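> Below you'll find entry07.tsv; it's TSV, C-alpha atoms.
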```tsv
chain	number	residue	atom	x	y	z
A	6	MET	CA	11.88	-41.46	-84.42
A	7	HIS	CA	13.61	-39.73	-81.50
A	8	SER	CA	16.94	-41.39	-82.26
A	9	GLU	CA	16.77	-40.25	-85.89
A	10	ILE	CA	16.27	-36.55	-85.13
A	11	LYS	CA	19.81	-35.33	-84.68
A	12	ASN	CA	22.30	-32.58	-85.50
A	13	ILE	CA	19.60	-29.94	-85.30
A	14	ASN	CA	19.84	-26.98	-82.98
A	15	ILE	CA	16.42	-27.22	-81.37
A	16	SER	CA	15.40	-28.02	-77.82
A	17	GLU	CA	14.67	-31.54	-76.66
A	18	SER	CA	11.03	-30.64	-76.05
A	19	ALA	CA	10.74	-29.30	-79.62
A	20	ARG	CA	12.26	-32.53	-80.93
A	21	ASP	CA	9.77	-34.58	-78.94
A	22	LYS	CA	6.85	-32.44	-80.04
A	23	ALA	CA	7.90	-32.61	-83.68
A	24	SER	CA	8.24	-36.40	-83.48
A	25	GLU	CA	4.82	-36.74	-81.89
A	26	ILE	CA	3.13	-34.58	-84.53
A	27	ILE	CA	4.90	-36.22	-87.48
A	28	GLU	CA	3.98	-39.69	-86.21
A	29	SER	CA	0.32	-38.67	-85.86
A	30	CYS	CA	0.05	-37.99	-89.61
A	31	VAL	CA	-1.31	-41.05	-91.44
A	32	HIS	CA	-0.77	-39.52	-94.91
A	33	CYS	CA	-4.45	-39.82	-95.82
A	34	GLY	CA	-4.35	-36.72	-98.01
A	35	PHE	CA	-7.59	-35.16	-96.75
A	36	CYS	CA	-5.67	-31.93	-96.16
A	37	LEU	CA	-4.89	-31.52	-99.86
A	38	ALA	CA	-8.51	-30.72	-100.63
A	39	THR	CA	-8.63	-27.80	-98.20
A	40	CYS	CA	-5.11	-26.37	-98.60
A	41	PRO	CA	-5.21	-23.03	-100.47
A	42	THR	CA	-1.70	-23.28	-101.89
A	43	TYR	CA	-2.09	-26.84	-103.09
A	44	GLN	CA	-5.36	-25.89	-104.79
A	45	LEU	CA	-3.63	-23.06	-106.66
A	46	ILE	CA	-0.22	-24.62	-107.37
A	47	GLY	CA	-0.92	-28.35	-107.48
A	48	ASP	CA	2.50	-29.29	-106.09
A	49	GLU	CA	2.25	-31.67	-103.14
A	50	LEU	CA	5.24	-29.98	-101.49
A	51	ASP	CA	2.94	-26.95	-101.25
A	52	SER	CA	0.46	-28.95	-99.19
A	53	PRO	CA	0.49	-29.82	-95.46
A	54	ARG	CA	1.42	-33.43	-96.20
A	55	GLY	CA	4.31	-32.30	-98.39
A	56	ARG	CA	5.57	-29.78	-95.88
A	57	ILE	CA	5.45	-32.40	-93.12
A	58	TYR	CA	7.70	-34.53	-95.34
A	59	LEU	CA	10.12	-31.59	-95.78
A	60	ILE	CA	10.23	-30.91	-92.04
A	61	LYS	CA	10.75	-34.58	-91.25
A	62	SER	CA	13.62	-34.74	-93.73
A	63	ALA	CA	15.24	-31.61	-92.30
A	64	LEU	CA	14.95	-32.86	-88.74
A	65	GLU	CA	16.32	-36.31	-89.53
A	66	GLN	CA	19.22	-35.49	-91.83
A	67	ASN	CA	19.58	-31.71	-91.88
A	68	GLN	CA	19.31	-31.96	-95.67
A	69	PHE	CA	17.15	-29.17	-96.97
A	70	SER	CA	17.55	-26.36	-99.46
A	71	LEU	CA	16.41	-22.85	-100.17
A	72	LYS	CA	13.67	-24.43	-102.30
A	73	SER	CA	12.44	-26.30	-99.24
A	74	LEU	CA	12.28	-22.99	-97.39
A	75	SER	CA	10.21	-21.52	-100.24
A	76	HIS	CA	7.62	-24.26	-99.85
A	77	MET	CA	7.47	-23.40	-96.13
A	78	ASP	CA	7.14	-19.69	-96.86
A	79	ARG	CA	4.20	-20.30	-99.19
A	80	CYS	CA	2.17	-21.83	-96.35
A	81	LEU	CA	-0.44	-19.32	-95.13
A	82	THR	CA	-0.64	-20.88	-91.63
A	83	CYS	CA	-4.41	-20.84	-92.15
A	84	ARG	CA	-4.75	-24.21	-90.35
A	85	SER	CA	-7.62	-25.27	-92.58
A	86	CYS	CA	-5.85	-28.62	-92.71
A	87	GLU	CA	-6.24	-28.98	-88.94
A	88	THR	CA	-10.01	-28.58	-89.26
A	89	THR	CA	-10.08	-31.25	-91.97
A	90	CYS	CA	-7.56	-33.70	-90.49
A	91	PRO	CA	-9.20	-36.87	-89.07
A	92	SER	CA	-6.06	-37.65	-87.04
A	93	GLY	CA	-5.85	-34.32	-85.22
A	94	VAL	CA	-2.38	-33.46	-86.56
A	95	GLU	CA	-1.20	-30.23	-84.89
A	96	TYR	CA	0.25	-28.93	-88.12
A	97	GLY	CA	0.54	-25.30	-86.99
A	98	GLN	CA	2.90	-26.19	-84.16
A	99	LEU	CA	5.03	-28.41	-86.39
A	100	LEU	CA	5.23	-25.65	-88.99
A	101	GLU	CA	6.71	-23.19	-86.47
A	102	ILE	CA	9.39	-25.76	-85.52
A	103	GLY	CA	10.15	-26.43	-89.17
A	104	ARG	CA	10.44	-22.76	-90.01
A	105	ASP	CA	12.86	-22.17	-87.15
A	106	VAL	CA	15.02	-25.06	-88.35
A	107	MET	CA	15.03	-24.00	-92.01
A	108	GLU	CA	15.51	-20.26	-91.42
A	109	SER	CA	19.29	-20.74	-91.60
A	110	LYS	CA	18.99	-21.20	-95.37
A	111	ARG	CA	17.51	-17.73	-95.91
A	112	GLY	CA	19.68	-15.25	-97.79
A	113	LYS	CA	20.89	-12.10	-96.03
A	114	VAL	CA	19.00	-9.68	-98.28
A	115	GLN	CA	15.68	-11.50	-97.84
A	116	ALA	CA	16.29	-11.85	-94.11
A	117	LEU	CA	16.93	-8.10	-93.82
A	118	TYR	CA	13.75	-7.32	-95.76
A	119	ARG	CA	11.64	-9.51	-93.49
A	120	TYR	CA	13.29	-7.93	-90.44
A	121	LEU	CA	12.50	-4.40	-91.66
A	122	VAL	CA	8.86	-5.30	-92.40
A	123	ARG	CA	8.48	-6.67	-88.88
A	124	LYS	CA	9.97	-3.56	-87.33
A	125	VAL	CA	7.85	-1.16	-89.39
A	126	LEU	CA	4.61	-2.96	-88.52
A	127	LEU	CA	5.46	-3.48	-84.86
A	128	THR	CA	6.98	-0.10	-83.98
A	129	PRO	CA	4.29	2.44	-83.00
A	130	ILE	CA	6.46	5.49	-83.71
A	131	ILE	CA	6.77	4.27	-87.32
A	132	ILE	CA	3.33	2.78	-88.00
A	133	LYS	CA	1.45	5.78	-86.60
A	134	PRO	CA	2.59	8.26	-89.29
A	135	VAL	CA	2.24	5.53	-91.93
A	136	GLY	CA	-1.31	5.00	-90.73
A	137	TYR	CA	-2.07	8.67	-91.19
A	138	PHE	CA	-1.59	8.31	-94.96
A	139	LEU	CA	-2.89	4.74	-95.37
A	140	ARG	CA	-5.81	4.87	-92.93
A	141	HIS	CA	-8.70	2.62	-93.87
A	142	SER	CA	-11.32	4.34	-91.75
A	143	LYS	CA	-11.61	7.06	-89.14
A	144	ILE	CA	-13.73	7.26	-85.99
A	145	THR	CA	-17.33	7.91	-86.99
A	146	SER	CA	-19.22	8.27	-83.70
A	147	LYS	CA	-18.97	10.02	-80.36
A	148	LEU	CA	-17.43	8.23	-77.40
A	149	VAL	CA	-20.01	6.70	-75.07
A	150	LYS	CA	-19.45	6.51	-71.31
A	151	PRO	CA	-20.96	3.74	-69.15
A	152	GLU	CA	-23.83	4.89	-66.93
A	153	LYS	CA	-22.31	2.63	-64.29
A	154	THR	CA	-19.45	0.15	-64.30
A	155	ASN	CA	-20.51	-3.42	-63.67
A	156	SER	CA	-17.20	-4.91	-64.78
A	157	THR	CA	-13.89	-4.05	-66.45
A	158	VAL	CA	-12.14	-5.76	-69.35
A	159	LEU	CA	-8.80	-5.31	-71.08
A	160	LEU	CA	-9.24	-4.57	-74.80
A	161	MET	CA	-6.26	-5.56	-76.91
A	162	GLY	CA	-5.48	-2.47	-78.96
A	163	GLY	CA	-3.38	-4.21	-81.57
A	164	CYS	CA	-0.22	-3.22	-83.45
A	165	VAL	CA	-1.69	-1.68	-86.63
A	166	GLN	CA	-5.40	-1.47	-85.84
A	167	PRO	CA	-5.28	1.79	-83.84
A	168	SER	CA	-3.41	3.50	-86.70
A	169	LEU	CA	-5.14	2.04	-89.76
A	170	ALA	CA	-8.69	1.42	-88.51
A	171	PRO	CA	-9.20	3.23	-85.17
A	172	ASN	CA	-12.98	3.02	-85.43
A	173	ILE	CA	-12.89	-0.70	-84.57
A	174	ASN	CA	-11.62	-0.28	-81.01
A	175	HIS	CA	-13.68	2.89	-80.63
A	176	SER	CA	-16.85	0.98	-81.59
A	177	ILE	CA	-16.06	-1.84	-79.17
A	178	LYS	CA	-15.59	0.60	-76.30
A	179	ASN	CA	-18.93	2.23	-77.15
A	180	ILE	CA	-20.73	-1.12	-77.36
A	181	LEU	CA	-19.30	-2.25	-74.03
A	182	ALA	CA	-20.13	1.12	-72.46
A	183	ARG	CA	-23.79	0.63	-73.43
A	184	LEU	CA	-23.57	-2.69	-71.58
A	185	ASN	CA	-22.06	-0.87	-68.56
A	186	ILE	CA	-18.68	-2.49	-69.07
A	187	GLU	CA	-15.51	-0.42	-68.92
A	188	ALA	CA	-12.83	-1.26	-71.51
A	189	LEU	CA	-9.19	-0.51	-70.74
A	190	GLU	CA	-7.32	-0.42	-74.05
A	191	SER	CA	-3.80	-1.85	-74.10
A	192	SER	CA	-1.01	0.28	-75.51
A	193	GLN	CA	-0.12	-0.07	-79.18
A	194	GLY	CA	3.29	-1.36	-78.16
A	195	GLU	CA	1.82	-4.44	-76.44
A	196	CYS	CA	2.13	-6.76	-79.44
A	197	CYS	CA	0.89	-10.34	-79.01
A	198	GLY	CA	4.00	-11.70	-80.76
A	199	ALA	CA	2.23	-13.40	-83.66
A	200	LEU	CA	4.08	-11.66	-86.48
A	201	ASP	CA	7.48	-12.43	-84.96
A	202	GLN	CA	6.49	-16.02	-84.28
A	203	HIS	CA	5.25	-16.70	-87.81
A	204	LEU	CA	8.34	-15.13	-89.39
A	205	ALA	CA	10.74	-17.43	-87.48
A	206	ALA	CA	11.77	-14.69	-85.04
A	207	SER	CA	10.80	-16.81	-82.05
A	208	GLY	CA	13.29	-15.09	-79.74
A	209	ASP	CA	11.67	-11.69	-80.28
A	210	ALA	CA	8.25	-13.28	-79.97
A	211	MET	CA	9.05	-14.85	-76.61
A	212	LYS	CA	10.24	-11.54	-75.18
A	213	LYS	CA	6.87	-10.00	-76.06
A	214	VAL	CA	4.93	-13.02	-74.81
A	215	LYS	CA	6.61	-13.06	-71.40
A	216	ARG	CA	6.25	-9.31	-71.00
A	217	ASN	CA	2.56	-9.55	-71.87
A	218	ILE	CA	1.96	-12.45	-69.49
A	219	ASP	CA	3.54	-10.57	-66.61
A	220	HIS	CA	1.65	-7.35	-67.28
A	221	TRP	CA	-1.72	-8.90	-68.03
A	222	THR	CA	-1.54	-11.17	-64.99
A	223	GLU	CA	-1.15	-8.08	-62.81
A	224	GLN	CA	-4.21	-6.51	-64.44
A	225	LEU	CA	-6.31	-9.65	-64.08
A	226	ASP	CA	-5.28	-9.93	-60.44
A	227	SER	CA	-6.36	-6.29	-59.98
A	228	GLY	CA	-9.94	-6.90	-61.05
A	229	VAL	CA	-9.96	-7.04	-64.86
A	230	GLU	CA	-12.51	-9.71	-65.82
A	231	ALA	CA	-11.23	-10.77	-69.25
A	232	ILE	CA	-8.85	-10.00	-72.09
A	233	ILE	CA	-10.82	-9.08	-75.22
A	234	SER	CA	-9.40	-9.41	-78.72
A	235	SER	CA	-11.12	-7.95	-81.77
A	236	ALA	CA	-8.41	-9.21	-84.14
A	237	SER	CA	-8.82	-12.97	-84.43
A	238	GLY	CA	-5.16	-13.32	-85.43
A	239	CYS	CA	-4.08	-11.87	-82.09
A	240	GLY	CA	-6.69	-13.91	-80.26
A	241	VAL	CA	-5.47	-17.27	-81.52
A	242	MET	CA	-1.86	-16.34	-80.75
A	243	ILE	CA	-2.67	-15.46	-77.13
A	244	LYS	CA	-4.81	-18.56	-76.68
A	245	ASP	CA	-1.85	-20.62	-77.93
A	246	TYR	CA	0.61	-19.09	-75.43
A	247	PRO	CA	0.76	-22.32	-73.34
A	248	GLU	CA	2.09	-24.21	-76.38
A	249	LEU	CA	5.20	-22.00	-76.31
A	250	PHE	CA	6.37	-23.25	-72.92
A	251	GLU	CA	7.41	-26.57	-71.44
A	252	SER	CA	5.15	-27.71	-68.59
A	253	SER	CA	8.08	-27.30	-66.17
A	254	ASP	CA	8.57	-23.64	-67.12
A	255	PRO	CA	7.22	-21.17	-64.50
A	256	TYR	CA	5.54	-19.28	-67.34
A	257	TYR	CA	3.50	-22.31	-68.40
A	258	GLU	CA	0.87	-22.00	-65.66
A	259	LYS	CA	0.78	-18.23	-66.16
A	260	ALA	CA	0.24	-18.76	-69.89
A	261	LEU	CA	-2.63	-21.16	-69.17
A	262	PHE	CA	-4.22	-18.50	-66.99
A	263	ILE	CA	-3.87	-15.80	-69.65
A	264	SER	CA	-5.20	-18.13	-72.33
A	265	SER	CA	-8.24	-19.04	-70.23
A	266	LYS	CA	-9.09	-15.37	-69.72
A	267	THR	CA	-8.77	-14.40	-73.40
A	268	LYS	CA	-11.92	-14.12	-75.50
A	269	ASP	CA	-12.70	-12.93	-78.97
A	270	ILE	CA	-15.14	-10.03	-78.82
A	271	ALA	CA	-17.79	-12.36	-80.27
A	272	GLU	CA	-17.21	-14.88	-77.45
A	273	PHE	CA	-17.64	-12.11	-74.91
A	274	LEU	CA	-20.70	-10.49	-76.46
A	275	VAL	CA	-22.58	-13.77	-76.98
A	276	GLU	CA	-22.74	-14.07	-73.17
A	277	GLN	CA	-24.24	-10.57	-72.75
A	278	ASP	CA	-27.75	-9.16	-73.04
A	279	LEU	CA	-27.58	-7.32	-76.38
A	280	SER	CA	-31.20	-6.18	-76.47
A	281	ALA	CA	-30.15	-2.53	-76.11
A	282	LEU	CA	-28.10	-2.66	-79.32
A	283	ASN	CA	-29.09	-2.32	-82.97
A	284	LEU	CA	-27.55	-3.26	-86.32
A	285	SER	CA	-26.89	-0.48	-88.83
A	286	GLU	CA	-26.93	-2.68	-91.96
A	287	LEU	CA	-28.51	-6.06	-92.70
A	288	ASN	CA	-27.40	-6.59	-96.31
A	289	VAL	CA	-23.89	-7.75	-95.49
A	290	THR	CA	-21.76	-10.78	-96.25
A	291	TYR	CA	-19.52	-12.11	-93.52
A	292	HIS	CA	-15.98	-13.28	-94.24
A	293	GLU	CA	-14.88	-15.62	-91.48
A	294	PRO	CA	-11.09	-15.39	-90.96
A	295	CYS	CA	-9.04	-18.58	-90.80
A	296	THR	CA	-7.90	-17.60	-87.31
A	297	MET	CA	-11.55	-17.54	-86.26
A	298	GLN	CA	-12.83	-20.77	-87.81
A	299	HIS	CA	-9.70	-22.93	-87.90
A	300	GLY	CA	-7.48	-21.39	-85.23
A	301	GLN	CA	-9.97	-20.60	-82.46
A	302	LYS	CA	-12.67	-23.06	-83.61
A	303	LEU	CA	-15.36	-20.37	-83.38
A	304	GLY	CA	-16.95	-20.95	-86.76
A	305	GLY	CA	-20.46	-19.52	-87.08
A	306	LEU	CA	-20.36	-17.54	-83.84
A	307	VAL	CA	-20.36	-14.04	-85.34
A	308	GLU	CA	-23.22	-14.84	-87.71
A	309	SER	CA	-25.23	-16.28	-84.82
A	310	ILE	CA	-24.90	-12.92	-83.05
A	311	LEU	CA	-25.79	-10.93	-86.18
A	312	SER	CA	-28.85	-13.15	-86.72
A	313	GLU	CA	-30.27	-11.89	-83.42
A	314	PHE	CA	-30.68	-8.52	-85.15
A	315	GLY	CA	-32.34	-9.85	-88.31
A	316	TYR	CA	-29.30	-10.73	-90.39
A	317	ILE	CA	-29.86	-13.68	-92.71
A	318	LYS	CA	-26.76	-15.77	-93.35
A	319	LYS	CA	-25.58	-15.79	-96.95
A	320	PRO	CA	-23.73	-18.92	-98.09
A	321	VAL	CA	-20.23	-18.17	-99.39
A	322	LYS	CA	-18.51	-20.57	-101.76
A	323	ASP	CA	-15.22	-21.93	-100.37
A	324	SER	CA	-15.76	-20.07	-97.10
A	325	HIS	CA	-13.14	-22.31	-95.48
A	326	ILE	CA	-10.41	-21.06	-97.84
A	327	CYS	CA	-8.08	-18.23	-96.78
A	328	CYS	CA	-8.47	-14.74	-98.27
A	329	GLY	CA	-4.69	-14.46	-98.70
A	330	SER	CA	-3.93	-11.92	-95.99
A	331	ALA	CA	-2.33	-14.19	-93.36
A	332	GLY	CA	-0.42	-11.54	-91.43
A	333	ALA	CA	2.54	-10.37	-93.52
A	334	TYR	CA	1.97	-13.08	-96.15
A	335	SER	CA	0.40	-10.58	-98.55
A	336	ILE	CA	3.67	-8.62	-98.48
A	337	PHE	CA	6.02	-11.54	-99.13
A	338	GLU	CA	3.89	-13.84	-101.31
A	339	THR	CA	2.02	-11.27	-103.39
A	340	LYS	CA	1.02	-13.42	-106.37
A	341	ILE	CA	-0.64	-16.19	-104.35
A	342	SER	CA	-2.14	-13.70	-101.93
A	343	ASN	CA	-3.74	-11.61	-104.68
A	344	GLN	CA	-5.17	-14.68	-106.42
A	345	LEU	CA	-6.76	-15.88	-103.20
A	346	ARG	CA	-8.16	-12.40	-102.60
A	347	SER	CA	-9.70	-12.22	-106.08
A	348	ASN	CA	-11.37	-15.59	-105.58
A	349	LYS	CA	-12.61	-14.61	-102.13
A	350	ILE	CA	-14.06	-11.26	-103.21
A	351	GLU	CA	-15.87	-12.88	-106.13
A	352	ASN	CA	-17.46	-15.39	-103.76
A	353	LEU	CA	-18.32	-12.77	-101.12
A	354	ASN	CA	-19.93	-10.48	-103.70
A	355	ALA	CA	-22.07	-13.24	-105.24
A	356	SER	CA	-25.01	-12.24	-103.02
A	357	LYS	CA	-24.60	-8.54	-103.94
A	358	PRO	CA	-24.10	-7.19	-100.40
A	359	LYS	CA	-23.83	-3.51	-99.53
A	360	MET	CA	-20.95	-4.32	-97.22
A	361	ILE	CA	-18.49	-7.10	-96.40
A	362	VAL	CA	-17.73	-7.61	-92.71
A	363	THR	CA	-15.04	-9.67	-91.01
A	364	SER	CA	-13.33	-10.27	-87.65
A	365	ASN	CA	-9.67	-9.52	-88.33
A	366	ILE	CA	-7.85	-6.33	-89.26
A	367	GLY	CA	-5.52	-8.16	-91.67
A	368	CYS	CA	-8.41	-9.67	-93.66
A	369	LEU	CA	-10.22	-6.33	-93.61
A	370	LEU	CA	-7.33	-4.33	-95.06
A	371	HIS	CA	-6.41	-7.02	-97.58
A	372	LEU	CA	-9.95	-7.47	-98.90
A	373	GLN	CA	-10.57	-3.73	-99.14
A	374	LYS	CA	-7.61	-3.33	-101.50
A	375	GLY	CA	-9.41	-5.46	-104.07
A	376	SER	CA	-13.04	-4.67	-103.29
A	377	SER	CA	-15.29	-1.87	-104.53
A	378	VAL	CA	-17.71	-2.82	-101.74
A	379	PRO	CA	-16.85	-1.35	-98.31
A	380	VAL	CA	-15.20	-3.77	-95.88
A	381	LYS	CA	-15.67	-3.26	-92.14
A	382	HIS	CA	-15.23	-5.09	-88.86
A	383	TRP	CA	-18.58	-6.58	-87.87
A	384	VAL	CA	-18.62	-4.82	-84.48
A	385	GLU	CA	-18.79	-1.47	-86.27
A	386	LEU	CA	-22.35	-2.36	-87.34
A	387	LEU	CA	-23.42	-2.38	-83.67
A	388	ASP	CA	-22.11	1.08	-82.78
A	389	VAL	CA	-25.34	2.96	-83.59
```
Take the structure from the file and write it as structure tokens.

Amino acid sequence: MHSEIKNINISESARDKASEIIESCVHCGFCLATCPTYQLIGDELDSPRGRIYLIKSALEQNQFSLKSLSHMDRCLTCRSCETTCPSGVEYGQLLEIGRDVMESKRGKVQALYRYLVRKVLLTPIIIKPVGYFLRHSKITSKLVKPEKTNSTVLLMGGCVQPSLAPNINHSIKNILARLNIEALESSQGECCGALDQHLAASGDAMKKVKRNIDHWTEQLDSGVEAIISSASGCGVMIKDYPELFESSDPYYEKALFISSKTKDIAEFLVEQDLSALNLSELNVTYHEPCTMQHGQKLGGLVESILSEFGYIKKPVKDSHICCGSAGAYSIFETKISNQLRSNKIENLNASKPKMIVTSNIGCLLHLQKGSSVPVKHWVELLDV
């Protein structure tokens, strides 16, 4: 395989990684049954197996078209296929390599549009006023101060969360304060790099990643116990930082350290004594984001925490299927995204909940656009 991958402007390590991943696929087709786009469209090129074929073809012969790029764009990067795959194919990593290779086929107008969307979402001075008009929810409780500080954590503020749903981070700080844990919130400009990475702007992503690694390492060395993410999309990106570097790169070991110290808020809270907390609503249905169940492999964790307060898990049909948010996917692939959202909301509302809760700001905002039932982050239920 290595000798066949030629005439492509990618690094040797990326070539080797792509070859390894492609060779690990045994073409069994199990992924087709759990791929959202294949289920809706029925075209195998809109399945993981089909996209692996397109990437392989591009890497070997540099023969690919704008249509090939469209099939790549329609992938949600939900990684449901990784959960299903019996061979452990690291499809998400291969997809990023394939997107970087095929990006050269994108037209200038579409490329400019994608660039502008990235900049609007990732530039605090722009997203803050936008958030004022499009805010999902405001802060609903007073700020709680710890009676004493037993430990300190770094809370990832997020790019859009502070502007569009500020009550999420506020609630987390209150919850941690009741546990005598101080939360230092990162600035809104400290983006994890996920949006850039998934939109084939790997250069911009790496600048953010390295900056974050340097800054967060200093904070961890100064006594911060852990990095807490309340947006599962950010969490899986940070945990995957080591995959962005070669083992010989000085940043590789630093990335491993950052990854090992990063926890979803559910991972952190499950290790704490939560007896002092209460749940404000029991009749809820939980939507588990793809980045939680497939990316971070933390399926069922949130509901296990909620069950400690009397919550009874409600089965959700096709709970493994993406809601259609997928970062900026809902902006660029509106038709597929809206269909997935309609299906998801119908399944979530089957048990007639008073509220839908989730673990990711993207899912929250996307679902709320199509739901008459309020959608919240699950941690907001504990800030009472």
> May I ask which of the residues A:Leu126, A:Cys295, A:Ala331, A:Ile131 is the closest one to Asp78 of chain A, counting all atoms listed in the file?
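Of A:Leu126, A:Cys295, A:Ala331, A:Ile131, the one nearest Asp78 of chain A, counting all atoms listed in the file, is A:Ala331.
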> Residues of segment 258-341 of chain A within 12 Å of segment 216-219 of chain A: nearest atom pair and distance (Å, one decimal) for each, counting all atoms listed in the file, sorted by chain and number, as JSON lines?

```
{"residue": "A:Glu258", "atom": "CA", "partner": "A:Ile218", "partner_atom": "CA", "distance": 10.3}
{"residue": "A:Lys259", "atom": "CA", "partner": "A:Ile218", "partner_atom": "CA", "distance": 6.8}
{"residue": "A:Ala260", "atom": "CA", "partner": "A:Ile218", "partner_atom": "CA", "distance": 6.6}
{"residue": "A:Leu261", "atom": "CA", "partner": "A:Ile218", "partner_atom": "CA", "distance": 9.9}
{"residue": "A:Phe262", "atom": "CA", "partner": "A:Ile218", "partner_atom": "CA", "distance": 9.0}
{"residue": "A:Ile263", "atom": "CA", "partner": "A:Ile218", "partner_atom": "CA", "distance": 6.7}
{"residue": "A:Ser264", "atom": "CA", "partner": "A:Ile218", "partner_atom": "CA", "distance": 9.6}
{"residue": "A:Lys266", "atom": "CA", "partner": "A:Ile218", "partner_atom": "CA", "distance": 11.4}
{"residue": "A:Thr267", "atom": "CA", "partner": "A:Ile218", "partner_atom": "CA", "distance": 11.6}
```
> At a cut-off of 6 Å, using only C-alpha atoms, what residues contact segment 359-365 of chain A? Leave out same-chain residues fewer than 2 positions from it and give the result as a list in words.
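Counting only C-alpha atoms, the residues come to Ala236, Ser237, Asn288, Val289, Thr290, Tyr291, His292, Glu293, Gly367, Cys368, Val378, Pro379, Val380, Lys381, His382 and Trp383 of chain A.
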> Taking all atoms listed in the file into account, which of A:His175, A:Lys150, A:Arg346, A:Lys124 comes nearest Asp209 of chain A?
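Counting all atoms listed in the file, the residue closest to Asp209 of chain A is A:Lys124.
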> Which is closest to Val149 of chain A among A:Asp388, A:Lys244, A:Leu37, A:Gln115, if we use all atoms listed in the file?
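Closest residue, counting all atoms listed in the file: A:Asp388.
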> Could you name the residues that touch Leu274 of chain A at 12 Å or less, counting only C-alpha atoms, but leaving out those on the same chain fewer than 3 positions away, as a VMD selection string?
chain A and resid 177 180 to 181 183 to 184 186 231 233 to 235 268 to 271 277 to 280 282 306 to 307 309 to 311 313 384 387
> Can I get a file of segment 59-80 of chain A from the given structure, C-alpha atoms kept, as a short mmCIF file (atom, residue, chain, number, x, y, z; two decimals), in the first residue's frame?

```
data_model
loop_
_atom_site.label_atom_id
_atom_site.label_comp_id
_atom_site.auth_asym_id
_atom_site.auth_seq_id
_atom_site.Cartn_x
_atom_site.Cartn_y
_atom_site.Cartn_z
CA LEU A 59 -13.07 7.37 -2.09
CA ILE A 60 -10.17 8.28 0.20
CA LYS A 61 -8.18 5.24 -0.90
CA SER A 62 -8.73 6.17 -4.54
CA ALA A 63 -7.68 9.78 -3.96
CA LEU A 64 -4.55 8.76 -2.09
CA GLU A 65 -3.49 6.20 -4.66
CA GLN A 66 -4.16 8.02 -7.91
CA ASN A 67 -5.15 11.57 -7.02
CA GLN A 68 -8.30 10.98 -9.08
CA PHE A 69 -11.27 12.48 -7.31
CA SER A 70 -13.94 15.01 -8.16
CA LEU A 71 -16.13 17.64 -6.60
CA LYS A 72 -18.75 14.90 -6.26
CA SER A 73 -16.31 12.89 -4.16
CA LEU A 74 -15.87 15.93 -1.93
CA SER A 75 -19.66 16.18 -1.55
CA HIS A 76 -19.81 12.63 -0.23
CA MET A 77 -17.11 13.58 2.29
CA ASP A 78 -18.97 16.74 3.29
CA ARG A 79 -22.15 14.77 3.98
CA CYS A 80 -20.39 12.72 6.67
#
```
